[in-house]
Amino acid sequence: MPDRAPQPVDRQLPTDEARDLISLVRDIAQREIAPSAAEEEDAGRFPRAVFTLLSDSGLLGLPYDAEYGGGEQPYEVYLQVLEELAAARLTVGLGVSVHTLASYALAAYGTKEQQIEHLPAMLGGGLLGAYCLSEPASGSDAASLRTKAVRDGDDWVLTGTKAWITHGGIADFYTVMARTGEEGPRGITAFLVPGDAEGLSAAVPEKKMGLKGSPTAQVHLDGVRVCDTRRLGDEGQGFAIALSALDSGRLGIAACAIGVAQAALDQAVSYAADRRQFGKPIADFQGLRFMLADMATQIEAGRALYLTAARLRDAGLPFAKQAAMAKLHCTDTAMRVTTDAVQILGGYGYTADFPAERYMREAKVLQIVEGTNQIQRMVIARHLAGPEGR
């Protein structure tokens with residue numbers, strides 16, 4: 001059955017430079033990412049060469065300062081790049097989002113000396129990052145983390161286990177939240193840990209429903225020693241840094257979700273136009289046309305929501321509520337749209353001959369990572385009605 005090429009998303013971009021950037025990303029996605037996505041996901045292969053290409057192309061540090069090798073692009077543009085990458089392969093789009101999240105603590109809270117020493121390699125030197133907050137017993141309740149960092153002269157010694165770490169075992173650096181003081185959020189500090197640090201190891205990657213090309217693993221810290229110059233921010237500031245990073249990271253997840261949803265819609269439209277039943281394309285049946293219309297409307301609404309939050313962020317205005325709304329709506333949309341895409345393809349949608357089933361499996365995890373959608377509802381409600389139990 002012929003597969004019609006999807007029409008590119010008509011994007012409203014702020015500059016000619018941004019339009020050129022999107023064109024570059026689309027070219028890389030079509031040539032280097034999409035053609036092998038299904039095969040590599042099925043085999044569980046991580047596309048490290050693609051990330052090297054993205055780094056060489058200046059796409060791993062887009063929202064950060066040009067002084068340190070970043071692209072100095074507004075989030076409004078960066079997120080649309082993520083969407084394009086995720087539409088080609090979620091492992092890549094999500095990987096860029098996680099790398100950006102892992103770089104955030106240093107870029108936003110590091111000293112000038114730390115930034116000069118580490119950021120250029122992280123943003124454009126081919127390195128890949130991981131973000132270590134969750135633990136086996138502390139997921140949504142991240143403030144109860146147990147990994148410890150104990151001061152020993154000019155060093156810190158880190159001991160504990162982190163869980164659900166994207167790029168666990170293959171990252172070149174880990175931004176790690178560890179307990180240095182009292183119980184609760186005020187006793188947590190952030191550290192930049194090299195991927196080859198002695199005592200750092202990763203478990204066998206998790207066997208997942210989807211996103212099989214992106215390794216997710218526990219990371220063990222067995223007496224890992226890092227110099228105090230790798231402490232990011234003040235002692236006890238780590239949880240605030242982590243939450244600040246997640247506000248931006250949730251926008252990355254929202255953009256990736258819309259990318260997956262858009263890819264699923266494109267597949268459904270292509271299939272419906274070519275598949276004939278009862279003597280005409282199934283796209284001519286009103287019930288199916290309404291499904292496609294609803295899918296497209298949900299995607300456009302999600303895109304508008306994440307871009308509104310991004311523009312608030314770019315303007316230096318509060319955006320945490322809108323980020324939670326975007327993450328909630330966009331990932332729920334991805335789940336609905338990919339499920340409908342499978343339904344439109346019928347039996348073919350349930351087979352690996354078409355990517356619709358992969359999109360559906362991948363969409364599910366986006367409702368879970370970087371704060372489940374139940375947590376997003378709690379965040380939104382706190383902005384509306386204040387903290388619980390006042």
# chains A, B, ... in the order shown; residues from 1 in each chain; ligands from 1
>>> select_by_dssp(residues="range 185-322 of chain A", states="strand (DSSP E or B)", output="VMD selection string")
chain A and resid 188 to 194 200 to 202 216 to 227 231 to 232 276 to 277 280 to 281
>>> atom_distance(atom1="CA of Ala105 in chain A", atom2="CA of Gly71 in chain A")
17.3 Å
>>> select_by_dssp(residues="range 89-318 of chain A", states="helix (DSSP H, G or I)", output="short mmCIF file (atom, residue, chain, number, x, y, z; two decimals) with N, CA and C atoms, in the first residue's frame")
data_model
loop_
_atom_site.label_atom_id
_atom_site.label_comp_id
_atom_site.auth_asym_id
_atom_site.auth_seq_id
_atom_site.Cartn_x
_atom_site.Cartn_y
_atom_site.Cartn_z
N LEU A 90 10.89 8.94 18.67
CA LEU A 90 10.79 9.46 20.03
C LEU A 90 12.07 9.28 20.81
N THR A 91 12.79 8.18 20.61
CA THR A 91 14.07 7.97 21.29
C THR A 91 15.00 9.17 21.11
N VAL A 92 14.96 9.78 19.94
CA VAL A 92 15.84 10.92 19.66
C VAL A 92 15.28 12.19 20.29
N GLY A 93 14.00 12.47 20.06
CA GLY A 93 13.42 13.68 20.63
C GLY A 93 13.49 13.69 22.14
N LEU A 94 13.11 12.59 22.76
CA LEU A 94 13.17 12.49 24.21
C LEU A 94 14.61 12.56 24.71
N GLY A 95 15.53 11.95 23.97
CA GLY A 95 16.94 11.98 24.36
C GLY A 95 17.50 13.38 24.39
N VAL A 96 17.13 14.19 23.40
CA VAL A 96 17.59 15.59 23.37
C VAL A 96 16.97 16.36 24.54
N SER A 97 15.69 16.09 24.84
CA SER A 97 15.03 16.75 25.96
C SER A 97 15.71 16.40 27.28
N VAL A 98 16.03 15.12 27.47
CA VAL A 98 16.69 14.68 28.71
C VAL A 98 18.09 15.28 28.81
N HIS A 99 18.82 15.32 27.71
CA HIS A 99 20.15 15.93 27.73
C HIS A 99 20.05 17.41 28.13
N THR A 100 19.07 18.11 27.59
CA THR A 100 18.86 19.52 27.94
C THR A 100 18.52 19.65 29.42
N LEU A 101 17.70 18.74 29.93
CA LEU A 101 17.36 18.73 31.35
C LEU A 101 18.59 18.49 32.21
N ALA A 102 19.44 17.56 31.79
CA ALA A 102 20.65 17.24 32.55
C ALA A 102 21.64 18.40 32.56
N SER A 103 21.61 19.23 31.53
CA SER A 103 22.53 20.37 31.43
C SER A 103 22.02 21.59 32.19
N TYR A 104 20.76 21.56 32.58
CA TYR A 104 20.12 22.76 33.14
C TYR A 104 20.76 23.24 34.44
N ALA A 105 21.03 22.32 35.36
CA ALA A 105 21.54 22.73 36.67
C ALA A 105 22.84 23.51 36.55
N LEU A 106 23.74 23.04 35.69
CA LEU A 106 25.00 23.74 35.49
C LEU A 106 24.78 25.07 34.78
N ALA A 107 23.94 25.06 33.74
CA ALA A 107 23.73 26.29 32.96
C ALA A 107 23.04 27.37 33.78
N ALA A 108 22.13 26.98 34.68
CA ALA A 108 21.34 27.96 35.43
C ALA A 108 21.90 28.28 36.81
N TYR A 109 22.62 27.32 37.43
CA TYR A 109 23.04 27.50 38.82
C TYR A 109 24.55 27.34 39.02
N LYS A 112 30.56 30.66 37.24
CA LYS A 112 31.16 31.00 35.95
C LYS A 112 32.29 30.03 35.63
N GLU A 113 33.10 29.70 36.62
CA GLU A 113 34.22 28.79 36.41
C GLU A 113 33.72 27.40 36.01
N GLN A 114 32.67 26.92 36.68
CA GLN A 114 32.11 25.61 36.32
C GLN A 114 31.57 25.62 34.90
N GLN A 115 30.89 26.67 34.53
CA GLN A 115 30.31 26.74 33.20
C GLN A 115 31.39 26.78 32.12
N ILE A 116 32.44 27.53 32.36
CA ILE A 116 33.54 27.61 31.39
C ILE A 116 34.21 26.25 31.24
N GLU A 117 34.35 25.53 32.35
CA GLU A 117 35.05 24.25 32.31
C GLU A 117 34.23 23.14 31.65
N HIS A 118 32.91 23.11 31.91
CA HIS A 118 32.13 21.93 31.52
C HIS A 118 31.12 22.16 30.40
N LEU A 119 30.52 23.33 30.33
CA LEU A 119 29.39 23.50 29.41
C LEU A 119 29.75 23.31 27.94
N PRO A 120 30.88 23.84 27.45
CA PRO A 120 31.14 23.66 26.01
C PRO A 120 31.13 22.21 25.56
N ALA A 121 31.72 21.33 26.36
CA ALA A 121 31.72 19.91 25.99
C ALA A 121 30.33 19.31 26.09
N MET A 122 29.54 19.76 27.06
CA MET A 122 28.19 19.23 27.24
C MET A 122 27.26 19.69 26.13
N LEU A 123 27.43 20.92 25.67
CA LEU A 123 26.49 21.47 24.69
C LEU A 123 26.89 21.20 23.25
N GLY A 124 28.17 21.05 22.98
CA GLY A 124 28.57 20.86 21.59
C GLY A 124 29.77 19.98 21.39
N ALA A 142 9.63 12.75 45.31
CA ALA A 142 11.08 12.85 45.07
C ALA A 142 11.83 13.43 46.25
N ALA A 143 11.17 14.21 47.09
CA ALA A 143 11.86 14.83 48.23
C ALA A 143 12.27 13.82 49.29
N SER A 144 11.81 12.59 49.17
CA SER A 144 12.18 11.57 50.16
C SER A 144 13.36 10.72 49.69
N PRO A 185 12.94 18.28 51.53
CA PRO A 185 13.50 18.96 50.36
C PRO A 185 14.70 19.86 50.64
N ARG A 186 14.83 20.35 51.87
CA ARG A 186 15.91 21.31 52.16
C ARG A 186 17.27 20.63 52.39
N GLY A 187 17.29 19.31 52.42
CA GLY A 187 18.54 18.62 52.66
C GLY A 187 19.16 18.00 51.43
N ASP A 228 34.33 19.07 45.43
CA ASP A 228 33.32 20.08 45.75
C ASP A 228 33.10 21.04 44.58
N THR A 229 34.07 21.16 43.69
CA THR A 229 33.90 22.02 42.52
C THR A 229 32.85 21.47 41.55
N ARG A 230 32.39 20.25 41.80
CA ARG A 230 31.31 19.68 40.99
C ARG A 230 29.95 19.75 41.71
N GLY A 238 19.46 21.71 46.10
CA GLY A 238 19.28 20.76 45.02
C GLY A 238 17.84 20.49 44.63
N PHE A 239 16.93 20.43 45.62
CA PHE A 239 15.54 20.12 45.28
C PHE A 239 14.90 21.28 44.54
N ALA A 240 15.22 22.50 44.93
CA ALA A 240 14.71 23.66 44.21
C ALA A 240 15.24 23.67 42.77
N ILE A 241 16.51 23.29 42.60
CA ILE A 241 17.08 23.20 41.26
C ILE A 241 16.35 22.13 40.45
N ALA A 242 16.10 20.99 41.10
CA ALA A 242 15.42 19.89 40.41
C ALA A 242 14.03 20.29 39.93
N LEU A 243 13.26 20.97 40.78
CA LEU A 243 11.92 21.38 40.40
C LEU A 243 11.95 22.42 39.30
N SER A 244 12.90 23.35 39.38
CA SER A 244 13.03 24.36 38.34
C SER A 244 13.36 23.71 37.00
N ALA A 245 14.25 22.73 37.04
CA ALA A 245 14.59 22.01 35.81
C ALA A 245 13.38 21.29 35.24
N LEU A 246 12.58 20.69 36.11
CA LEU A 246 11.42 19.92 35.65
C LEU A 246 10.35 20.81 35.03
N ASP A 247 10.22 22.05 35.48
CA ASP A 247 9.26 22.95 34.84
C ASP A 247 9.57 23.07 33.35
N SER A 248 10.85 23.25 33.04
CA SER A 248 11.26 23.35 31.64
C SER A 248 11.23 21.99 30.95
N GLY A 249 11.64 20.95 31.69
CA GLY A 249 11.66 19.61 31.12
C GLY A 249 10.27 19.13 30.73
N ARG A 250 9.26 19.53 31.49
CA ARG A 250 7.89 19.12 31.16
C ARG A 250 7.45 19.70 29.83
N LEU A 251 7.94 20.87 29.50
CA LEU A 251 7.63 21.43 28.18
C LEU A 251 8.27 20.59 27.08
N GLY A 252 9.47 20.06 27.36
CA GLY A 252 10.11 19.17 26.39
C GLY A 252 9.29 17.92 26.16
N ILE A 253 8.74 17.34 27.24
CA ILE A 253 7.90 16.15 27.11
C ILE A 253 6.63 16.49 26.34
N ALA A 254 6.05 17.65 26.60
CA ALA A 254 4.84 18.06 25.89
C ALA A 254 5.11 18.16 24.39
N ALA A 255 6.23 18.77 24.02
CA ALA A 255 6.56 18.90 22.60
C ALA A 255 6.80 17.54 21.96
N CYS A 256 7.49 16.65 22.67
CA CYS A 256 7.71 15.30 22.14
C CYS A 256 6.38 14.58 21.94
N ALA A 257 5.45 14.76 22.88
CA ALA A 257 4.16 14.10 22.77
C ALA A 257 3.41 14.57 21.53
N ILE A 258 3.46 15.87 21.26
CA ILE A 258 2.78 16.38 20.06
C ILE A 258 3.47 15.86 18.80
N GLY A 259 4.80 15.69 18.86
CA GLY A 259 5.49 15.10 17.72
C GLY A 259 5.02 13.69 17.41
N VAL A 260 4.89 12.86 18.45
CA VAL A 260 4.39 11.50 18.27
C VAL A 260 2.96 11.52 17.75
N ALA A 261 2.12 12.37 18.34
CA ALA A 261 0.73 12.47 17.90
C ALA A 261 0.64 12.90 16.44
N GLN A 262 1.47 13.87 16.05
CA GLN A 262 1.46 14.33 14.67
C GLN A 262 1.88 13.22 13.71
N ALA A 263 2.88 12.45 14.09
CA ALA A 263 3.31 11.32 13.26
C ALA A 263 2.19 10.30 13.11
N ALA A 264 1.46 10.05 14.21
CA ALA A 264 0.34 9.10 14.15
C ALA A 264 -0.78 9.62 13.27
N LEU A 265 -1.08 10.91 13.38
CA LEU A 265 -2.11 11.50 12.51
C LEU A 265 -1.70 11.41 11.05
N ASP A 266 -0.45 11.74 10.75
CA ASP A 266 0.02 11.66 9.37
C ASP A 266 -0.14 10.25 8.82
N GLN A 267 0.20 9.25 9.64
CA GLN A 267 0.05 7.86 9.22
C GLN A 267 -1.42 7.52 8.97
N ALA A 268 -2.29 7.98 9.86
CA ALA A 268 -3.72 7.68 9.73
C ALA A 268 -4.31 8.33 8.49
N VAL A 269 -3.96 9.56 8.22
CA VAL A 269 -4.46 10.26 7.03
C VAL A 269 -3.99 9.56 5.75
N SER A 270 -2.71 9.21 5.72
CA SER A 270 -2.16 8.52 4.56
C SER A 270 -2.88 7.19 4.31
N TYR A 271 -3.05 6.44 5.37
CA TYR A 271 -3.70 5.13 5.23
C TYR A 271 -5.15 5.29 4.78
N ALA A 272 -5.87 6.23 5.41
CA ALA A 272 -7.29 6.41 5.09
C ALA A 272 -7.49 6.87 3.65
N ALA A 273 -6.55 7.62 3.12
CA ALA A 273 -6.67 8.07 1.74
C ALA A 273 -6.42 6.95 0.74
N ASP A 274 -5.62 5.97 1.12
CA ASP A 274 -5.24 4.90 0.19
C ASP A 274 -6.06 3.62 0.36
N ILE A 282 -11.53 4.87 2.52
CA ILE A 282 -12.21 4.94 3.80
C ILE A 282 -12.21 6.37 4.36
N ALA A 283 -11.35 7.24 3.81
CA ALA A 283 -11.36 8.65 4.21
C ALA A 283 -12.64 9.35 3.78
N ASP A 284 -13.44 8.71 2.90
CA ASP A 284 -14.70 9.31 2.47
C ASP A 284 -15.85 9.03 3.44
N GLN A 286 -17.88 9.41 6.75
CA GLN A 286 -17.98 10.54 7.67
C GLN A 286 -17.48 10.21 9.07
N GLY A 287 -17.79 9.01 9.57
CA GLY A 287 -17.36 8.65 10.91
C GLY A 287 -15.86 8.72 11.05
N LEU A 288 -15.14 8.26 10.02
CA LEU A 288 -13.69 8.29 10.08
C LEU A 288 -13.16 9.71 9.87
N ARG A 289 -13.81 10.46 9.00
CA ARG A 289 -13.39 11.86 8.79
C ARG A 289 -13.49 12.65 10.09
N PHE A 290 -14.54 12.39 10.87
CA PHE A 290 -14.69 13.10 12.14
C PHE A 290 -13.58 12.70 13.12
N MET A 291 -13.17 11.44 13.08
CA MET A 291 -12.05 11.01 13.92
C MET A 291 -10.79 11.79 13.58
N LEU A 292 -10.50 11.90 12.29
CA LEU A 292 -9.31 12.63 11.85
C LEU A 292 -9.39 14.10 12.25
N ALA A 293 -10.57 14.69 12.11
CA ALA A 293 -10.74 16.09 12.48
C ALA A 293 -10.50 16.30 13.97
N ASP A 294 -11.02 15.39 14.80
CA ASP A 294 -10.81 15.51 16.24
C ASP A 294 -9.33 15.34 16.60
N MET A 295 -8.66 14.39 15.96
CA MET A 295 -7.24 14.17 16.21
C MET A 295 -6.44 15.42 15.89
N ALA A 296 -6.71 16.01 14.72
CA ALA A 296 -5.96 17.20 14.31
C ALA A 296 -6.23 18.38 15.24
N THR A 297 -7.47 18.52 15.69
CA THR A 297 -7.82 19.62 16.58
C THR A 297 -7.12 19.48 17.93
N GLN A 298 -7.08 18.27 18.46
CA GLN A 298 -6.40 18.03 19.73
C GLN A 298 -4.90 18.35 19.61
N ILE A 299 -4.31 17.98 18.49
CA ILE A 299 -2.88 18.25 18.29
C ILE A 299 -2.61 19.75 18.23
N GLU A 300 -3.43 20.47 17.46
CA GLU A 300 -3.23 21.92 17.35
C GLU A 300 -3.41 22.60 18.70
N ALA A 301 -4.39 22.14 19.48
CA ALA A 301 -4.60 22.72 20.81
C ALA A 301 -3.40 22.46 21.71
N GLY A 302 -2.85 21.26 21.65
CA GLY A 302 -1.67 20.93 22.44
C GLY A 302 -0.47 21.76 22.04
N ARG A 303 -0.29 21.91 20.75
CA ARG A 303 0.85 22.71 20.26
C ARG A 303 0.72 24.15 20.74
N ALA A 304 -0.48 24.70 20.65
CA ALA A 304 -0.69 26.08 21.10
C ALA A 304 -0.43 26.22 22.60
N LEU A 305 -0.81 25.19 23.37
CA LEU A 305 -0.63 25.25 24.82
C LEU A 305 0.85 25.21 25.20
N TYR A 306 1.64 24.31 24.58
CA TYR A 306 3.06 24.28 24.95
C TYR A 306 3.78 25.53 24.47
N LEU A 307 3.36 26.09 23.32
CA LEU A 307 4.01 27.31 22.84
C LEU A 307 3.66 28.52 23.70
N THR A 308 2.45 28.56 24.23
CA THR A 308 2.09 29.64 25.15
C THR A 308 2.96 29.59 26.39
N ALA A 309 3.16 28.40 26.94
CA ALA A 309 4.03 28.26 28.11
C ALA A 309 5.46 28.64 27.77
N ALA A 310 5.92 28.23 26.60
CA ALA A 310 7.29 28.55 26.19
C ALA A 310 7.49 30.06 26.05
N ARG A 311 6.51 30.74 25.51
CA ARG A 311 6.63 32.19 25.33
C ARG A 311 6.63 32.91 26.67
N LEU A 312 5.89 32.40 27.64
CA LEU A 312 5.97 32.96 29.00
C LEU A 312 7.37 32.78 29.55
N ARG A 313 7.94 31.58 29.38
CA ARG A 313 9.29 31.31 29.86
C ARG A 313 10.29 32.24 29.20
N ASP A 314 10.16 32.40 27.89
CA ASP A 314 11.09 33.26 27.15
C ASP A 314 11.00 34.72 27.60
#
>>> atom_distance(atom1="CA of Arg26 in chain A", atom2="CA of Leu53 in chain A")
13.6 Å
>>> closest_residue(among="A:Glu135, A:Arg89, A:Ala203, A:Leu192", to="Glu40 in chain A", atoms="only C-alpha atoms")
A:Arg89
>>> atom_distance(atom1="CA of Leu62 in chain A", atom2="CA of Asp196 in chain A")
25.6 Å
>>> residues_around(residues="Met325 in chain A", least_positions_apart="4", cutoff="8 Å", atoms="only C-alpha atoms", output="ChimeraX atom specification")
/A:305,321,329,376-377,380
>>> closest_residue(among="A:Ala88, A:Val226, A:Val193, A:Leu200", to="Gly153 in chain A", atoms="only C-alpha atoms")
A:Val226
>>> residues_around(residues="Tyr78 in chain A", least_positions_apart="3", cutoff="9 Å", atoms="only C-alpha atoms", output="mmCIF file with N, CA, C and O atoms, in the first residue's frame")
data_model
loop_
_atom_site.group_PDB
_atom_site.id
_atom_site.type_symbol
_atom_site.label_atom_id
_atom_site.label_comp_id
_atom_site.auth_asym_id
_atom_site.auth_seq_id
_atom_site.Cartn_x
_atom_site.Cartn_y
_atom_site.Cartn_z
ATOM 1 N N LEU A 59 22.653 21.067 17.793
ATOM 2 C CA LEU A 59 21.273 20.839 18.204
ATOM 3 C C LEU A 59 21.128 20.256 19.606
ATOM 4 O O LEU A 59 20.011 19.988 20.043
ATOM 5 N N LEU A 62 20.526 23.957 22.196
ATOM 6 C CA LEU A 62 19.794 25.058 21.571
ATOM 7 C C LEU A 62 19.340 26.154 22.532
ATOM 8 O O LEU A 62 19.467 27.338 22.207
ATOM 9 N N PRO A 63 18.813 25.840 23.726
ATOM 10 C CA PRO A 63 18.303 26.941 24.557
ATOM 11 C C PRO A 63 19.352 27.609 25.435
ATOM 12 O O PRO A 63 19.005 28.495 26.226
ATOM 13 N N GLN A 73 18.726 29.835 21.426
ATOM 14 C CA GLN A 73 17.396 29.906 20.832
ATOM 15 C C GLN A 73 16.342 30.003 21.929
ATOM 16 O O GLN A 73 16.489 29.418 22.997
ATOM 17 N N PRO A 74 15.262 30.740 21.686
ATOM 18 C CA PRO A 74 14.175 30.772 22.663
ATOM 19 C C PRO A 74 13.519 29.397 22.772
ATOM 20 O O PRO A 74 13.589 28.580 21.853
ATOM 21 N N TYR A 75 12.869 29.157 23.899
ATOM 22 C CA TYR A 75 12.194 27.874 24.082
ATOM 23 C C TYR A 75 11.110 27.677 23.028
ATOM 24 O O TYR A 75 10.815 26.544 22.631
ATOM 25 N N VAL A 81 11.752 22.227 17.574
ATOM 26 C CA VAL A 81 12.794 21.300 17.116
ATOM 27 C C VAL A 81 12.576 19.924 17.749
ATOM 28 O O VAL A 81 12.630 18.892 17.065
ATOM 29 N N LEU A 82 12.314 19.892 19.056
ATOM 30 C CA LEU A 82 12.040 18.622 19.726
ATOM 31 C C LEU A 82 10.853 17.907 19.080
ATOM 32 O O LEU A 82 10.881 16.688 18.893
ATOM 33 N N GLU A 83 9.815 18.656 18.773
ATOM 34 C CA GLU A 83 8.637 18.046 18.161
ATOM 35 C C GLU A 83 8.993 17.374 16.839
ATOM 36 O O GLU A 83 8.558 16.247 16.560
ATOM 37 N N GLY A 252 9.474 20.060 27.357
ATOM 38 C CA GLY A 252 10.105 19.171 26.393
ATOM 39 C C GLY A 252 9.288 17.919 26.159
ATOM 40 O O GLY A 252 9.117 17.458 25.022
#
>>> residues_around(residues="Lys208 in chain A", least_positions_apart="6", cutoff="10 Å", atoms="only C-alpha atoms", output="list in words")
Ser214, Pro215, Thr216, Arg361, Glu362 and Val365 of chain A
>>> residues_around(residues="Met177 in chain A", least_positions_apart="4", cutoff="10 Å", atoms="only C-alpha atoms", output="list in words")
Tyr131, Cys132, Leu133, Ser134, Ala142, Ala143, Leu145, Arg146, Thr147, Lys148, Ala149, Leu158, Lys162, Ile188, Thr189, Ala190, Phe191, Leu192, Leu232, Gln237, Gly238, Phe239, Ile241 and Ala242 of chain A
